[in-house]
There are 8 protein chains.
Amino acid sequence: MSIQEASERLRNLPYEDIGVAKLDHHRSLRSGFGEVVFCQGKATEHLVKIYEAFWRDGVRVLGTRATPEQFEAVHQAVAAAQYDPLARTIRIGDAPRLAGKIAVCTGGTADIPVAEEAAVTAEFFGSQVERIYDVGVAGIHRLLSNLPKIRDANAIVAVAGMEGALAGVVAGLVDKPVIAVPTSVGYGASFGGVSALLTMLNSCAEGIGVVNIDNGFGAGYLATQINRLALCGTTRATD
Amino acid sequence: MSIQEASERLRNLPYEDIGVAKLDHHRSLRSGFGEVVFCQGKATEHLVKIYEAFWRDGVRVLGTRATPEQFEAVHQAVAAAQYDPLARTIRIGDAPRLAGKIAVCTGGTADIPVAEEAAVTAEFFGSQVERIYDVGVAGIHRLLSNLPKIRDANAIVAVAGMEGALAGVVAGLVDKPVIAVPTSVGYGASFGGVSALLTMLNSCAEGIGVVNIDNGFGAGYLATQINRLALCGTTRATD
Amino acid sequence: MSIQEASERLRNLPYEDIGVAKLDHHRSLRSGFGEVVFCQGKATEHLVKIYEAFWRDGVRVLGTRATPEQFEAVHQAVAAAQYDPLARTIRIGDAPRLAGKIAVCTGGTADIPVAEEAAVTAEFFGSQVERIYDVGVAGIHRLLSNLPKIRDANAIVAVAGMEGALAGVVAGLVDKPVIAVPTSVGYGASFGGVSALLTMLNSCAEGIGVVNIDNGFGAGYLATQINRLALCGTTRATD
Amino acid sequence: MSIQEASERLRNLPYEDIGVAKLDHHRSLRSGFGEVVFCQGKATEHLVKIYEAFWRDGVRVLGTRATPEQFEAVHQAVAAAQYDPLARTIRIGDAPRLAGKIAVCTGGTADIPVAEEAAVTAEFFGSQVERIYDVGVAGIHRLLSNLPKIRDANAIVAVAGMEGALAGVVAGLVDKPVIAVPTSVGYGASFGGVSALLTMLNSCAEGIGVVNIDNGFGAGYLATQINRLALCGTTRATD
Amino acid sequence: MSIQEASERLRNLPYEDIGVAKLDHHRSLRSGFGEVVFCQGKATEHLVKIYEAFWRDGVRVLGTRATPEQFEAVHQAVAAAQYDPLARTIRIGDAPRLAGKIAVCTGGTADIPVAEEAAVTAEFFGSQVERIYDVGVAGIHRLLSNLPKIRDANAIVAVAGMEGALAGVVAGLVDKPVIAVPTSVGYGASFGGVSALLTMLNSCAEGIGVVNIDNGFGAGYLATQINRLALCGTTRATD
Amino acid sequence: MSIQEASERLRNLPYEDIGVAKLDHHRSLRSGFGEVVFCQGKATEHLVKIYEAFWRDGVRVLGTRATPEQFEAVHQAVAAAQYDPLARTIRIGDAPRLAGKIAVCTGGTADIPVAEEAAVTAEFFGSQVERIYDVGVAGIHRLLSNLPKIRDANAIVAVAGMEGALAGVVAGLVDKPVIAVPTSVGYGASFGGVSALLTMLNSCAEGIGVVNIDNGFGAGYLATQINRLALCGTTRATD
Amino acid sequence: MSIQEASERLRNLPYEDIGVAKLDHHRSLRSGFGEVVFCQGKATEHLVKIYEAFWRDGVRVLGTRATPEQFEAVHQAVAAAQYDPLARTIRIGDAPRLAGKIAVCTGGTADIPVAEEAAVTAEFFGSQVERIYDVGVAGIHRLLSNLPKIRDANAIVAVAGMEGALAGVVAGLVDKPVIAVPTSVGYGASFGGVSALLTMLNSCAEGIGVVNIDNGFGAGYLATQINRLALCGTTRATD
Amino acid sequence: MSIQEASERLRNLPYEDIGVAKLDHHRSLRSGFGEVVFCQGKATEHLVKIYEAFWRDGVRVLGTRATPEQFEAVHQAVAAAQYDPLARTIRIGDAPRLAGKIAVCTGGTADIPVAEEAAVTAEFFGSQVERIYDVGVAGIHRLLSNLPKIRDANAIVAVAGMEGALAGVVAGLVDKPVIAVPTSVGYGASFGGVSALLTMLNSCAEGIGVVNIDNGFGAGYLATQINRLALCGTTRATD
């Protein structure tokens, strides 16, 4: 593809202007896998308009950080919408055939909502997900017991708050990419997740990529990108 | 593999205690790809001992953040050691056959040393590297012109200081994992790379994993893990 | 004008002491353009007193960061007061004849309230405003499609939260002053707008002036000052 | 200009790839006013290559944050290069005819180098500069005495470290855009300019745009953009 | 007084242990001026016990940061208690004869509650207070108009949020101690008063002592200590 | 004095413009006590010019934060200049008759340079100074032994780094104003004096005003203002 | 015990997987002293399941940071559960025979809830606790009066917010380990306990270990570990 | 001991005033174990005076953070002084009989100097020290292999920089007090040890006390206090 073709393609990328937002359709056009909406902070009537537009166009959608109130309004307009209260997602569209496995681990029980956002996102985009929760490093035998299941994945999402050491210990025990998700779980000098974030960025173990605090969605998406590369091999390189 | 086997295997992992350090041989035993040494802050005589031990054992080694003085001393002891002054690496061992491509991009010229650490690391572990430097978002036509080359890689390393917006713009233009490396390039409110780090963590584009400020090594390693998964597909999952 | 005249003029500047505040009338005396009130944190009875005083004096006023409750009370006392719930402004006075154009862009939908504060302020002081919302850099084709409209303005207000990269990319594409407004939109490591603020301060593109987080008013005012200079040319220099 | 024309124009923007950098020629092509180079952190041989390329192309250049050593090397290669040790700039090219006035004020004597970077930049791009130094708010009569000269400018650059209150007080006394430059002058809780930066961002006075700490160049450039708008009026809007 | 006498005196200092607190009576024993209670965060029943104990002992008391609910409960138990809703104080005891003047200035209207805490404290301990509110530096003529009243005080309390420049400008205009009180008034990069705090600590003007953010009590107390020294001269040195 | 007279007086305040600086003569004109120069960061030739101008005008001067090199150059030009290497001051002019006592205490030995800056400043402006060093709270008997000497002063300067608890403990033991000076002495989590600064701002004891980290000058000046008020009593209020 | 035995033991450590959590039984198996649950942030139904599991197994449990609502639900399921509203703990199991003494001191009254969490934890694991509250350094005679009781303990827990100087002063007066607990009590520049945390980390006195802000549990546990070592002497070393 | 006796004893505590410092002799008087000097930042002649005084009095001394230059000067004056270049200590006095064991572990090789400061301090005060270096969590099998030796100690000092996860993992594997020492080893977002400090403060494992960044001395001292309690049992409680 020449430079001119690249620019041409970029210029002509479709988006739909519905007034309150400019909706992309790249992902779904390219792959059929569906689009995403970040619901937090959006006015409810705007969110409803967005879901209606996607539904009208027959596009699969995953909305994250949605409140029950937002779901109520969306559901009123689009009966096919489904809510996952733990992951806080609003989904439209059938489940894809899942292929290739990622693992989602948490340090503690309080990290589970963020982990579920990652897991649900990964499943929405086609990954099988192995959930391994409450295996923080303060009782490291629990992690070691689950090592075989973790090593069996193409990518690992490590979710932890407070000290956030889980990602580094896991990365030292496997040779697959680890997506580290710091959470805002904790108190005092955890500073809303900063402590865990710094721990993860400073890990001595190789093979860790970090996402924003509580960003389960981003981790699930990145892990799935890697998983799909692992499934398809170099053939994807021509995408 | 059962839980018992996993623990067994972990317990019996070999390491070599040379007094000043406990050298691992996992990576090279498993894959033949070689080991790494973080040279910064190590006393020169310790570093020499470490290189001598690896040389004696016939292990390929890549040392990062090495000063010319450290190299002089290592070279005295191990004539086969080679220095890359831009990437600041000390290498022992032949080049592997390179397979699969990653792209390493920088926002500016001052980011090149960090980018080279990433590129040299990726090459040491077997990736082909496309270098695309000085394509920061302040002159976005330079980035758009190079888009086809970037899209042709299995993973992209985006290296940028100051505002650090390169990673997010790239991730919005490709559908491959982007490893974002904030650099300490800048002044004033760049706070030694914190500004670029925050930009990358907060990117609205999907598919970004962030590493520590100036951590070219970590990015090159992670990109290569992904690249090798892309090459081998699910067969690696049994590794 | 001599130094003595300057001091004289300063000393004699009128202000009206209404007990709870000392009201300035500079702007309106000089230009007939009206005054501003920062409503946030003001006790309701104080705010009412202030509006009553301006209304009595026949001065146009724009109050920012006003709650609906504050408006209710002001409206009770001054029936001519008008509320804009999105921009959160309380206005008294007719619209001026608009002249010269500024553009107000946002990265996302959640940045719109801050953008509206900027737009309404600019209109209050006499600028035409082109609104271009939801053109963040994660989908850069949306921004490029709107470039001609942006380039057609005398000054651009770029409003963005999270990574905040919009201002730098815009400034690289136009040769007009860009007023960058970081917003507190985001979560985790966006730190209430600090991430976007740092991005904007560290932009590599030339021609950016930054205002406080969420300070739509300040951006709209500054853009209008520039717009009016562009309209009047050097004749303003004798003001 | 249609959207298609805008994209076309963007795609075809010229840049010169000299290996170590990708040189833009936008500004000079458009306006004949010349290009800029940020010298800090660039390897000397790279900097020499860049200056040689611009000199070969007959482009006026202003390099900022240049050390005497960098200048020595550049001067060796391009005899026409000139150094300003206070502003730390390396310039190639004749002075333009200066038109329209900006004012550059400092709080103290130690802020002068940053102020000179702003002033030299403004002059390089065609502004007349009125320098008004050491008029900090701790002795406010010095500022008041110079008010008529300050009011006579199309834009004011206010440079101050430590408490950084100069910008706000000036903005309260004039009705022109004030570009605020915090400096790293100070000690203790000035935190390398953060104190002055925060003061300027939080100013209660209207009409202030802030640039990065010590960013004299950025302030001089932005002030000149405004100054040129003031000179040309709406005719510039078609640029 | 010998060292032994000092220690003796210290050891024997009276305090009353009422279980939930250990009440001092130093101040009132020494000077008859009364004691203070920091009400914030205290359980209501504890606060009531404390007020009852002081009332029983006939000690004048000033409680700061008291909620209306806390006052209700205290008033139930001690009918003589009086509440000031603006300063948020609960007082027991007659007013002292006021002597010597301090001035309390604010930058804006929203700083008044903190200023009133300072003023009421100063009055409780015997100072006359001149209140000069809404004289922030963005409209410096309002401050200059009130300069004679400010200069007439033995100490000045300068209360300001946001940029916090008031203290430095005042200190440059008078030759009396200025007690600077940063307030949490503001938004965005004011960081709950940190911006104003840093401005005040970094002021170039001489003669400023800073207290904690929103600490009107501390400023009023310190200003009164100075005022009383000014009244009594060296005779106090034998206290 | 009327408002008009105040403005008049302000407008006519003398200052001497020597090009690189605008020298005030207020203090010396009013009180004969002399002027101050902050030497840090000033170019040597500028500093020499400033000292020459003051010497020519017969004004007493105290320069702080002066290096030995700066003194050498000043001394060359003004033979009467004297250097104090511990306090790092350059003084011109005879000692005044000292009256009224302040106390300067330090937590440790490493705080002494900052304490000497405070002491020398206080002496320059006419205070007697009692030096009480190395009385930190980790060995509180050393402080208690010196209590009588501390209580004998009109104001206390408490200089401490690291934990910075000295100021609060002293303020709890005396009933005079305490000027707290945090120092940058320490390591690790002392963050260049931030730890001590926060301790001092948060002290539960009454009667503390805090100055910038390492700001011995500011503390000595403020303590002397208070000392002079204590000496002169209300007669100063007409100054 | 050989390395192999250690690994063996680790691998076989029991834990009970109840779905939402993986419960350890180490402590109780080893010592009979009971287990702990961090209740904060746990969903109520999860918490109930955990308590039911421990109750079923006959394990003593101490839950910390429990709300009254959480207790209600737990109590419904396990009637033997007991709530301490001040310490916010839910306990199952009889009191152990207390042996060896620790002291828990607070700076103020508002620190008592954190102190009670420490005290209740220490008692749960078998320590006698001496409570000494409201002995902050602003009135140091109250601390000195209680010194004999403090010195009589095997370990001291020092709980303080705001300036947090209590730990350092106590450590200077005793020769036993001091566990310092910063609290979030305070306002303004106490930054939710950061000020006290830094004070404690920077103390010049020897023998201080610091725990997280408000972490009364951690302090009580650590003090009890030390207390038990003091009771048992070297015999524990074979545990 | 009565309150009166405690105060008496405190008042009469001996210290020696040698002008530049006030030397305590508590520790050595009570226990014969010797005194400590923090050498960093002390002027060389002051340090020499201090060592001479201790030598004259026959007191064992351990000086920490000493440079070779400081040692040279001290050695000139006191020939018995001995330097440990790795731990950077200057010691006077014979070794005590060592009793009871503590373990000192490090995450990496670069942490060894801080660990040696801890180890030498512990030995100076009478503890046997087991050194276990380079057992960071990125290769957790190295730590597990050394577990028996770690469990055999009365207290563990865990020294780690970067992510700092060592302390938490160790504390989860032993039931003895763990003293956590964050080090400034690292780069980028390790912020000079802040990352490791936060990790340690936020550990989910029980039984951790944290000291300041790089404070090997403090950790060695505290571990020895605990070790001595473990040796002596409750008999120490009467000390």
# chains A, B, ... in the order shown; residues from 1 in each chain; ligands from 1
$ residues_around --residues "segment 209-222 of chain H" --least-positions-apart "6" --cutoff "7 Å" --atoms "only C-alpha atoms" --output "ChimeraX atom specification"
/F:188-189 /G:177,201-202,206-211 /H:114-115,117-119,121-122,157,178-184,193,197,200-201
$ interface_residues --of "chain B" --to "chain D" --cutoff "10 Å" --atoms "only C-alpha atoms" --output "VMD selection string"
chain B and resid 108 to 112 133 to 136 139 to 142 144 to 145 185 to 191
$ write_last_selection --atoms "all heavy atoms" --output "compact mmCIF listing (two decimals), in the first residue's frame"
# COMPACT_ATOMS: atom_id res chain seq x y z
N GLY B 108 10.55 12.33 18.74
CA GLY B 108 11.59 13.27 18.35
C GLY B 108 12.95 12.61 18.26
O GLY B 108 13.10 11.40 18.46
N THR B 109 13.95 13.41 17.96
CA THR B 109 15.31 12.93 17.81
C THR B 109 15.92 12.56 19.17
O THR B 109 16.68 11.60 19.29
CB THR B 109 16.17 14.02 17.14
OG1 THR B 109 15.60 14.30 15.86
CG2 THR B 109 17.60 13.57 16.97
N ALA B 110 15.56 13.30 20.21
CA ALA B 110 16.14 13.07 21.52
C ALA B 110 15.65 11.76 22.14
O ALA B 110 16.23 11.27 23.11
CB ALA B 110 15.83 14.24 22.46
N ASP B 111 14.60 11.18 21.60
CA ASP B 111 14.08 9.91 22.12
C ASP B 111 14.83 8.71 21.55
O ASP B 111 14.56 7.56 21.93
CB ASP B 111 12.59 9.76 21.77
CG ASP B 111 11.74 10.90 22.31
OD1 ASP B 111 11.93 11.27 23.48
OD2 ASP B 111 10.89 11.41 21.57
N ILE B 112 15.74 8.94 20.60
CA ILE B 112 16.38 7.83 19.88
C ILE B 112 17.16 6.87 20.79
O ILE B 112 17.06 5.65 20.62
CB ILE B 112 17.25 8.38 18.73
CG1 ILE B 112 16.32 8.97 17.64
CG2 ILE B 112 18.15 7.31 18.14
CD1 ILE B 112 17.05 9.59 16.45
N TYR B 133 11.77 7.14 13.09
CA TYR B 133 12.08 8.13 14.12
C TYR B 133 11.64 9.53 13.71
O TYR B 133 11.58 9.86 12.53
CB TYR B 133 13.59 8.13 14.39
CG TYR B 133 14.11 6.84 15.02
CD1 TYR B 133 15.47 6.54 15.01
CD2 TYR B 133 13.25 5.93 15.64
CE1 TYR B 133 15.96 5.38 15.60
CE2 TYR B 133 13.73 4.76 16.23
CZ TYR B 133 15.08 4.49 16.20
OH TYR B 133 15.56 3.35 16.77
N ASP B 134 11.35 10.36 14.73
CA ASP B 134 11.01 11.78 14.55
C ASP B 134 9.68 11.96 13.82
O ASP B 134 9.58 12.73 12.87
CB ASP B 134 12.16 12.48 13.77
CG ASP B 134 12.13 14.02 13.96
OD1 ASP B 134 11.53 14.49 14.94
OD2 ASP B 134 12.72 14.71 13.13
N VAL B 135 8.66 11.25 14.30
CA VAL B 135 7.33 11.36 13.69
C VAL B 135 6.28 11.81 14.72
O VAL B 135 5.16 11.32 14.76
CB VAL B 135 6.89 10.02 13.05
CG1 VAL B 135 7.74 9.73 11.82
CG2 VAL B 135 6.99 8.87 14.05
N GLY B 136 6.70 12.78 15.56
CA GLY B 136 5.81 13.27 16.62
C GLY B 136 4.56 13.94 16.09
O GLY B 136 4.52 14.38 14.94
N GLY B 139 3.67 17.42 13.95
CA GLY B 139 3.69 17.50 12.48
C GLY B 139 3.16 16.18 11.94
O GLY B 139 3.91 15.34 11.46
N ILE B 140 1.87 16.00 12.05
CA ILE B 140 1.28 14.66 11.96
C ILE B 140 1.39 14.06 10.55
O ILE B 140 1.29 12.84 10.38
CB ILE B 140 -0.20 14.71 12.43
CG1 ILE B 140 -0.61 13.34 12.96
CG2 ILE B 140 -1.12 15.21 11.35
CD1 ILE B 140 -1.78 13.38 13.89
N HIS B 141 1.66 14.89 9.54
CA HIS B 141 1.83 14.36 8.18
C HIS B 141 3.04 13.42 8.11
O HIS B 141 3.04 12.49 7.32
CB HIS B 141 1.99 15.52 7.20
CG HIS B 141 3.11 16.43 7.54
ND1 HIS B 141 3.09 17.25 8.63
CD2 HIS B 141 4.31 16.63 6.95
CE1 HIS B 141 4.22 17.94 8.70
NE2 HIS B 141 4.97 17.58 7.69
N ARG B 142 4.06 13.66 8.92
CA ARG B 142 5.23 12.76 8.92
C ARG B 142 4.83 11.37 9.41
O ARG B 142 5.30 10.36 8.91
CB ARG B 142 6.33 13.33 9.81
CG ARG B 142 6.86 14.68 9.32
CD ARG B 142 7.84 15.27 10.31
NE ARG B 142 7.23 15.41 11.64
CZ ARG B 142 7.87 15.82 12.72
NH1 ARG B 142 9.16 16.13 12.66
NH2 ARG B 142 7.25 15.93 13.87
N LEU B 144 1.66 10.12 9.27
CA LEU B 144 0.72 9.53 8.31
C LEU B 144 1.48 8.96 7.11
O LEU B 144 1.12 7.90 6.58
CB LEU B 144 -0.29 10.59 7.85
CG LEU B 144 -1.19 11.14 8.96
CD1 LEU B 144 -2.14 12.20 8.40
CD2 LEU B 144 -1.98 10.03 9.65
N SER B 145 2.55 9.62 6.69
CA SER B 145 3.34 9.13 5.56
C SER B 145 3.95 7.76 5.84
O SER B 145 4.22 7.00 4.92
CB SER B 145 4.48 10.11 5.26
OG SER B 145 3.97 11.33 4.84
N VAL B 185 12.82 12.82 28.24
CA VAL B 185 13.14 13.98 27.41
C VAL B 185 12.13 15.09 27.69
O VAL B 185 10.93 14.84 27.74
CB VAL B 185 13.10 13.57 25.93
CG1 VAL B 185 13.15 14.80 25.02
CG2 VAL B 185 14.25 12.62 25.61
N GLY B 186 12.63 16.30 27.85
CA GLY B 186 11.75 17.44 28.10
C GLY B 186 12.34 18.34 29.16
O GLY B 186 13.51 18.23 29.53
N TYR B 187 11.52 19.25 29.68
CA TYR B 187 11.97 20.18 30.72
C TYR B 187 10.72 20.71 31.42
O TYR B 187 9.60 20.44 31.00
CB TYR B 187 12.78 21.33 30.10
CG TYR B 187 11.98 22.19 29.18
CD1 TYR B 187 11.33 23.33 29.63
CD2 TYR B 187 11.82 21.82 27.84
CE1 TYR B 187 10.55 24.09 28.79
CE2 TYR B 187 11.04 22.58 26.99
CZ TYR B 187 10.40 23.71 27.48
OH TYR B 187 9.62 24.46 26.64
N GLY B 188 10.92 21.43 32.50
CA GLY B 188 9.80 22.06 33.20
C GLY B 188 8.76 21.05 33.64
O GLY B 188 9.09 20.06 34.31
N ALA B 189 7.52 21.26 33.24
CA ALA B 189 6.41 20.43 33.70
C ALA B 189 6.35 19.06 33.04
O ALA B 189 5.34 18.38 33.13
CB ALA B 189 5.09 21.18 33.50
N SER B 190 7.44 18.64 32.37
CA SER B 190 7.47 17.25 31.91
C SER B 190 7.88 16.33 33.07
O SER B 190 7.68 15.13 33.01
CB SER B 190 8.42 17.08 30.73
OG SER B 190 9.75 17.15 31.17
N PHE B 191 8.46 16.91 34.12
CA PHE B 191 8.77 16.19 35.36
C PHE B 191 9.48 14.86 35.10
O PHE B 191 9.09 13.82 35.62
CB PHE B 191 7.49 15.96 36.17
CG PHE B 191 6.81 17.22 36.58
CD1 PHE B 191 5.45 17.42 36.36
CD2 PHE B 191 7.52 18.25 37.17
CE1 PHE B 191 4.82 18.60 36.73
CE2 PHE B 191 6.90 19.43 37.55
CZ PHE B 191 5.55 19.60 37.32
$ residues_around --residues "Gln128 of chain A" --least-positions-apart "4" --cutoff "9 Å" --atoms "only C-alpha atoms" --output "PyMOL selection string"
chain A and resi 98-103+119+122-123
$ residues_around --residues "Val170 of chain C" --least-positions-apart "5" --cutoff "9 Å" --atoms "only C-alpha atoms" --output "list in words"
Ala138 of chain B; Leu143, Leu147, Ile150, Ile156, Ala158, Ala165, Val178 and Ala205 of chain C
$ select_by_dssp --residues "segment 25-87 of chain H" --states "alpha helix (DSSP H)" --output "PyMOL selection string"
chain H and resi 26-31+44-57+68-77
$ residues_around --residues "segment 89-95 of chain H" --least-positions-apart "6" --cutoff "6 Å" --atoms "only C-alpha atoms" --output "list in words"
Arg60, Val61, Leu62, Gly63, Thr64, Ala66, Ala81, Gln82 and Tyr83 of chain H
$ atom_distance --atom1 "atom CA of Arg88 of chain H" --atom2 "atom CA of Ala73 of chain H"
14.5 Å
$ select_by_dssp --residues "segment 5-222 of chain E" --states "strand (DSSP E)" --output "MDAnalysis selection string"
chainID E and resid 15:17 22:24 35:38 61:64 82:84 89:92 101:106 128:132 155:160 178:182 208:210
$ closest_residue --among "B:Val104, B:Thr67, B:Pro113, B:Arg151" --to "Arg131 of chain B" --atoms "only C-alpha atoms"
B:Val104
$ atom_distance --atom1 "atom CA of Asn227 of chain D" --atom2 "atom CA of Val120 of chain D"
14.8 Å
